[in-house]
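These notes concern the structure reproduced below.
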Amino acid sequence: REGGPVLLGAGRYLRDMIDAADGRVPSAARDERHRALRASLGEDGMLLVSWLLPRGWLERLVESSFARLSPLSAVDQAALRVDIGARSLLTLAVGCASLTACADLAEVAKSLVESELDPWLEDQFPNAEQRFRIVPASGQVRLTLWLHEAELIQLVTRTLERIRSPR
């Protein structure tokens, strides 16, 4: 409808979003945890998405008893903010059950980027080490990446292609 919001989804999930947008059921915009999470990133981004994850989400997702040993198992919320322009900023804030869990997650993420993802990032985004950051921040781990407009378009295009034709 005119003025938004823009909703993407299918089936029951789409119906739930429509009902929330129309005020028939509670929405994330009225939920205090969602509001606090979004406010931690600033509420004026072009795209702002938040997720509250239930306990045990990772174990259900990967169906492994070892999932509870992963630093990701402590993640209980996440938010993504995208500011689009000639120079775009993507910010992912991941909230953890404790400050210690966030510190552990930040260390694992930094190690992964340095050992495995650095060549890929550098290949995809020249000077990535100057544009990609992982920073623990008051109960969160923040990942930020600056992209030029053409890089953002290329990233979105590749992502949509993978969604349409998964391997």
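Chains: A, B, ... in order of the structure tokens. Residues: from 1 per chain. Ligands: from 1, in order shown.
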
- Can you list every residue in chain A that DSSP puts in strand (DSSP E or B), as an NGL selection string? :A and (47-52 or 75-83 or 87-96 or 132-137 or 140-148)

Write to file, as an mmCIF file, in the first residue's frame, the residues of the selection just made, with C-alpha atoms.
```cif
data_model
loop_
_atom_site.group_PDB
_atom_site.id
_atom_site.type_symbol
_atom_site.label_atom_id
_atom_site.label_comp_id
_atom_site.auth_asym_id
_atom_site.auth_seq_id
_atom_site.Cartn_x
_atom_site.Cartn_y
_atom_site.Cartn_z
ATOM 1 C CA LEU A 47 16.502 -0.784 6.208
ATOM 2 C CA LEU A 48 16.271 -1.935 9.806
ATOM 3 C CA VAL A 49 15.499 -5.531 10.749
ATOM 4 C CA SER A 50 15.533 -7.182 14.178
ATOM 5 C CA TRP A 51 15.291 -10.796 15.333
ATOM 6 C CA LEU A 52 14.710 -12.234 18.797
ATOM 7 C CA VAL A 75 23.249 -15.374 20.510
ATOM 8 C CA ASP A 76 19.737 -14.375 21.521
ATOM 9 C CA GLN A 77 19.070 -11.384 19.287
ATOM 10 C CA ALA A 78 20.311 -9.696 16.136
ATOM 11 C CA ALA A 79 19.606 -6.565 14.157
ATOM 12 C CA LEU A 80 20.663 -5.429 10.710
ATOM 13 C CA ARG A 81 20.797 -1.806 9.614
ATOM 14 C CA VAL A 82 21.543 -0.779 6.042
ATOM 15 C CA ASP A 83 22.248 2.819 5.074
ATOM 16 C CA ARG A 87 28.911 4.841 0.141
ATOM 17 C CA SER A 88 26.654 2.352 1.965
ATOM 18 C CA LEU A 89 27.074 0.998 5.479
ATOM 19 C CA LEU A 90 25.856 -2.427 6.601
ATOM 20 C CA THR A 91 25.785 -2.939 10.371
ATOM 21 C CA LEU A 92 24.927 -6.257 12.001
ATOM 22 C CA ALA A 93 24.533 -6.204 15.789
ATOM 23 C CA VAL A 94 24.431 -9.605 17.472
ATOM 24 C CA GLY A 95 23.292 -9.699 21.099
ATOM 25 C CA CYS A 96 24.512 -12.403 23.467
ATOM 26 C CA PHE A 132 35.217 -4.302 7.631
ATOM 27 C CA ARG A 133 35.147 -4.210 11.438
ATOM 28 C CA ILE A 134 34.179 -6.559 14.262
ATOM 29 C CA VAL A 135 33.758 -4.767 17.571
ATOM 30 C CA PRO A 136 32.297 -5.891 20.918
ATOM 31 C CA ALA A 137 29.897 -3.161 22.116
ATOM 32 C CA GLN A 140 26.648 -6.987 21.430
ATOM 33 C CA VAL A 141 29.111 -7.862 18.722
ATOM 34 C CA ARG A 142 28.931 -5.390 15.857
ATOM 35 C CA LEU A 143 30.048 -6.191 12.345
ATOM 36 C CA THR A 144 30.225 -3.260 9.954
ATOM 37 C CA LEU A 145 31.119 -3.084 6.287
ATOM 38 C CA TRP A 146 31.329 -0.035 4.027
ATOM 39 C CA LEU A 147 30.454 -0.678 0.391
ATOM 40 C CA HIS A 148 30.469 1.474 -2.698
#
```

- Pick out the residues sitting within 8 Å of A:Ala74, and hand them over as a PyMOL selection string; count only C-alpha atoms, and ignore anything fewer than 3 positions along from it in its own chain. chain A and resi 70-71+96-98+101-102

- Task: Enumerate as an MDAnalysis selection string all residues of chain A assigned to alpha helix (DSSP H) by DSSP on the backbone, naming them with the chain letters and numbers the document uses.
- Result: chainID A and resid 11:21 32:39 57:62 99:112 118:124 128:131 149:164

- Item | Residue nearest A:Gly4 - candidates A:Ser65, A:Ile18, A:Val113, A:Ser165, atoms counted: only C-alpha atoms |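 Of A:Ser65, A:Ile18, A:Val113, A:Ser165, the one nearest A:Gly4 is A:Ile18, counting only C-alpha atoms.
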